[in-house]
Amino acid sequence: MTNEGKRYRWPDGKTCAFLFSVDVDAEAPFLWDHRGKETRGLSNLEARRFGPRQGLGRILDLLDEFAVLGSFYVPGVVAEIHPEILPAVASRGHELGVHGYYHERVDDLTEAENRRILDRCRAVFQEQVGVTPCGYRSPAWEVTADLLTALREKNFLYDSSLMGFDHPYSLAGLTEIPVQWLLDDAVYFKFQGDGLDRWHPADPQAVEAGWIEEFEGLREFGGLCTLTVHPWISGRAQRIRLLRRLLAFIRRQEDVWWATARELSEYHGASANATVYEIKPEPANTNF
Ligand SMILES: [Zn+2]
């Protein structure tokens, strides 16, 4: 088995692509995890509220420094608690996408519940900024086949939650814009105290080296480098500086297509790649 002749085709002679994606989770996962329970502690909530208060603005300013557009996925409840977020992101030209209402895990919910959440989220975006998102990123990157069907029927263009290739592919009539844990800030930096996380946050210099190594590998193999950051995690001072160094490094490479997830999905859908890399969603057969 060889990958010769199977390289993904990028536009305009580019050899790879780079997507800066931002999951604006803020309090949403905390609210979902504690639903129905009484909570009195402020610590975890305040750490998460740092995202909307300071982290998000720093990330928006950083993207402006590089004149880059990113894709921002905002849970519906976060947009409603912080009604300044969607206008701030949209006014700077970035893409907005759906990321659950309470950051619910979709495999814990029924198909009908997931469909209602998609509608509820889109209504918030429409009401606040007059935008109907065409992109979806699932909370915790979990997806089910019936959710993919719902996305297609509701005219979403793409999902960005899975890792089946390291370049875009076609899945159940949608484009999949793949993510990966290696390029997610939470893996290295998320630390909540109270024994919730077992290891101290990673050294930003080490993470920078790992991310550049992955980017260089994806350049070699012709893939998509999807970086995913969370404002409550990567908005911290040392991580903004890390992101600035990373973006400066990638900017120096002229063979990279910087694109939003929407641009990537539109390109993929209209290109020959869409049929070359087409798969069906297949859950495992566990009836044995
Ligand atoms: Zn999230």
# chains A, B, ... in the order shown; residues from 1 in each chain; ligands from 1

$ residues_around --residues "stretch 145-154 of chain A" --least-positions-apart "3" --cutoff "10 Å" --atoms "only C-alpha atoms" --output "NGL selection string"
:A and (106-107 or 110-112 or 114-115 or 118-119 or 134-136 or 138 or 142 or 157-159 or 171-175 or 280-283)

$ write_last_selection --atoms "N, CA and C atoms" --output "compact mmCIF listing (two decimals), in the first residue's frame"
# COMPACT_ATOMS: atom_id res chain seq x y z
N VAL A 106 -23.37 14.83 21.62
CA VAL A 106 -24.49 14.45 20.75
C VAL A 106 -24.88 12.98 20.90
N ASP A 107 -23.93 12.14 21.32
CA ASP A 107 -24.28 10.71 21.46
C ASP A 107 -25.02 10.43 22.77
N THR A 110 -31.07 12.22 21.86
CA THR A 110 -31.80 11.57 20.77
C THR A 110 -31.61 12.37 19.49
N GLU A 111 -31.96 11.72 18.39
CA GLU A 111 -31.87 12.40 17.10
C GLU A 111 -32.74 13.66 17.11
N ALA A 112 -33.97 13.54 17.68
CA ALA A 112 -34.88 14.69 17.70
C ALA A 112 -34.30 15.82 18.56
N ASN A 114 -31.11 16.45 19.10
CA ASN A 114 -30.01 17.08 18.36
C ASN A 114 -30.53 18.00 17.26
N ARG A 115 -31.61 17.60 16.62
CA ARG A 115 -32.19 18.47 15.57
C ARG A 115 -32.72 19.77 16.18
N LEU A 118 -29.82 22.12 16.89
CA LEU A 118 -29.31 22.80 15.69
C LEU A 118 -30.18 24.01 15.35
N ASP A 119 -31.50 23.82 15.41
CA ASP A 119 -32.42 24.91 15.08
C ASP A 119 -32.30 26.05 16.09
N CYS A 134 -23.25 27.84 8.12
CA CYS A 134 -23.29 26.65 7.27
C CYS A 134 -22.31 25.60 7.80
N GLY A 135 -21.63 25.92 8.90
CA GLY A 135 -20.62 25.01 9.44
C GLY A 135 -20.98 24.53 10.82
N TYR A 136 -20.55 23.32 11.13
CA TYR A 136 -20.85 22.70 12.41
C TYR A 136 -19.60 22.07 12.97
N SER A 138 -18.86 19.68 16.38
CA SER A 138 -19.59 19.07 17.50
C SER A 138 -18.83 19.27 18.81
N GLU A 142 -17.60 14.67 19.11
CA GLU A 142 -18.33 13.41 18.93
C GLU A 142 -19.44 13.64 17.89
N LEU A 157 -23.09 22.90 5.17
CA LEU A 157 -22.11 22.51 4.15
C LEU A 157 -21.11 21.50 4.69
N TYR A 158 -20.77 21.66 5.97
CA TYR A 158 -19.68 20.83 6.47
C TYR A 158 -19.81 20.56 7.97
N ASP A 159 -19.12 19.49 8.37
CA ASP A 159 -18.86 19.22 9.78
C ASP A 159 -17.35 19.33 9.97
N LEU A 171 -18.37 12.96 3.47
CA LEU A 171 -18.96 12.05 4.43
C LEU A 171 -20.46 12.32 4.50
N ALA A 172 -21.26 11.35 4.06
CA ALA A 172 -22.72 11.45 4.17
C ALA A 172 -23.26 12.74 3.54
N GLY A 173 -22.73 13.09 2.39
CA GLY A 173 -23.25 14.26 1.69
C GLY A 173 -22.75 15.60 2.24
N LEU A 174 -21.85 15.54 3.20
CA LEU A 174 -21.24 16.75 3.76
C LEU A 174 -19.75 16.71 3.49
N THR A 175 -19.12 17.88 3.63
CA THR A 175 -17.66 17.88 3.66
C THR A 175 -17.21 17.77 5.11
N LYS A 280 -18.51 6.49 3.73
CA LYS A 280 -19.80 6.44 4.42
C LYS A 280 -19.56 6.38 5.93
N PRO A 281 -20.47 6.98 6.73
CA PRO A 281 -20.32 6.86 8.19
C PRO A 281 -20.67 5.44 8.62
N GLU A 282 -19.72 4.72 9.18
CA GLU A 282 -19.95 3.33 9.54
C GLU A 282 -19.62 3.09 11.01
N PRO A 283 -20.64 3.04 11.88
CA PRO A 283 -20.38 2.63 13.27
C PRO A 283 -19.88 1.19 13.29

$ select_by_dssp --residues "stretch 32-267 of chain A" --states "alpha helix (DSSP H)" --output "ChimeraX atom specification"
/A:32-33,43-50,56-65,76-81,85-91,111-129,145-153,185-189,204-221,231-234,237-251,261-267

$ residues_around --residues "A:Ala202" --least-positions-apart "4" --cutoff "8 Å" --atoms "only C-alpha atoms" --output "PyMOL selection string"
chain A and resi 188-189+206-207

$ write_last_selection --atoms "N, CA and C atoms" --output "tab-separated table (two decimals), in the first residue's frame"
chain	number	residue	atom	x	y	z
A	188	TYR	N	-2.82	20.16	25.86
A	188	TYR	CA	-1.56	20.57	26.48
A	188	TYR	C	-1.73	21.53	27.65
A	189	PHE	N	-2.79	22.35	27.55
A	189	PHE	CA	-2.85	23.50	28.45
A	189	PHE	C	-4.04	23.52	29.40
A	206	ALA	N	7.70	23.88	24.13
A	206	ALA	CA	7.62	22.48	23.67
A	206	ALA	C	6.41	22.30	22.76
A	207	VAL	N	5.30	22.93	23.12
A	207	VAL	CA	4.09	22.81	22.28
A	207	VAL	C	4.34	23.48	20.92

$ closest_residue --among "A:Arg262, A:Ser21, A:Asn273, A:Pro83" --to "A:Asp184" --atoms "only C-alpha atoms"
A:Ser21

$ residues_near_ligand --ligand "ligand 1" --cutoff "9 Å" --atoms "only C-alpha atoms and all ligand atoms" --output "list in words"
Val22, Asp23, Val24, Asp25, Ala26, Ala28, Pro29, Tyr73, Val74, Pro75, His99, Gly100, His103, Arg137, Ser138, Pro139, Ala140, Trp141 and His230 of chain A

$ closest_atom_pairs --of "stretch 25-136 of chain A" --to "stretch 233-238 of chain A" --cutoff "9 Å" --atoms "only C-alpha atoms" --output "JSON lines"
{"residue": "A:Ala47", "atom": "CA", "partner": "A:Ile233", "partner_atom": "CA", "distance": 8.7}
{"residue": "A:Arg48", "atom": "CA", "partner": "A:Ile233", "partner_atom": "CA", "distance": 8.1}
{"residue": "A:Phe50", "atom": "CA", "partner": "A:Gly235", "partner_atom": "CA", "distance": 8.0}
{"residue": "A:Gly51", "atom": "CA", "partner": "A:Gly235", "partner_atom": "CA", "distance": 6.6}
{"residue": "A:Gln54", "atom": "CA", "partner": "A:Gly235", "partner_atom": "CA", "distance": 6.9}
{"residue": "A:Gly55", "atom": "CA", "partner": "A:Gly235", "partner_atom": "CA", "distance": 3.6}
{"residue": "A:Leu56", "atom": "CA", "partner": "A:Gly235", "partner_atom": "CA", "distance": 6.5}
{"residue": "A:Gly57", "atom": "CA", "partner": "A:Gly235", "partner_atom": "CA", "distance": 8.2}
{"residue": "A:Arg58", "atom": "CA", "partner": "A:Gly235", "partner_atom": "CA", "distance": 6.3}
{"residue": "A:Ile59", "atom": "CA", "partner": "A:Gly235", "partner_atom": "CA", "distance": 6.5}

$ residues_around --residues "stretch 120-130 of chain A" --least-positions-apart "4" --cutoff "9 Å" --atoms "only C-alpha atoms" --output "list in words"
Pro75, Gly76, Val77, Ala79, Glu80, Pro83, Leu86, Pro87, Ala90, Leu96, Gly97, Val98, His99, Gly100, Tyr101, Arg115 and Arg116 of chain A

$ atom_distance --atom1 "atom CA of A:Lys37" --atom2 "atom CA of A:Phe191"
22.5 Å

$ select_by_dssp --residues "stretch 115-269 of chain A" --states "strand (DSSP E)" --output "NGL selection string"
:A and (135-136 or 158-159 or 169-171 or 174-176 or 224-229 or 256-258)
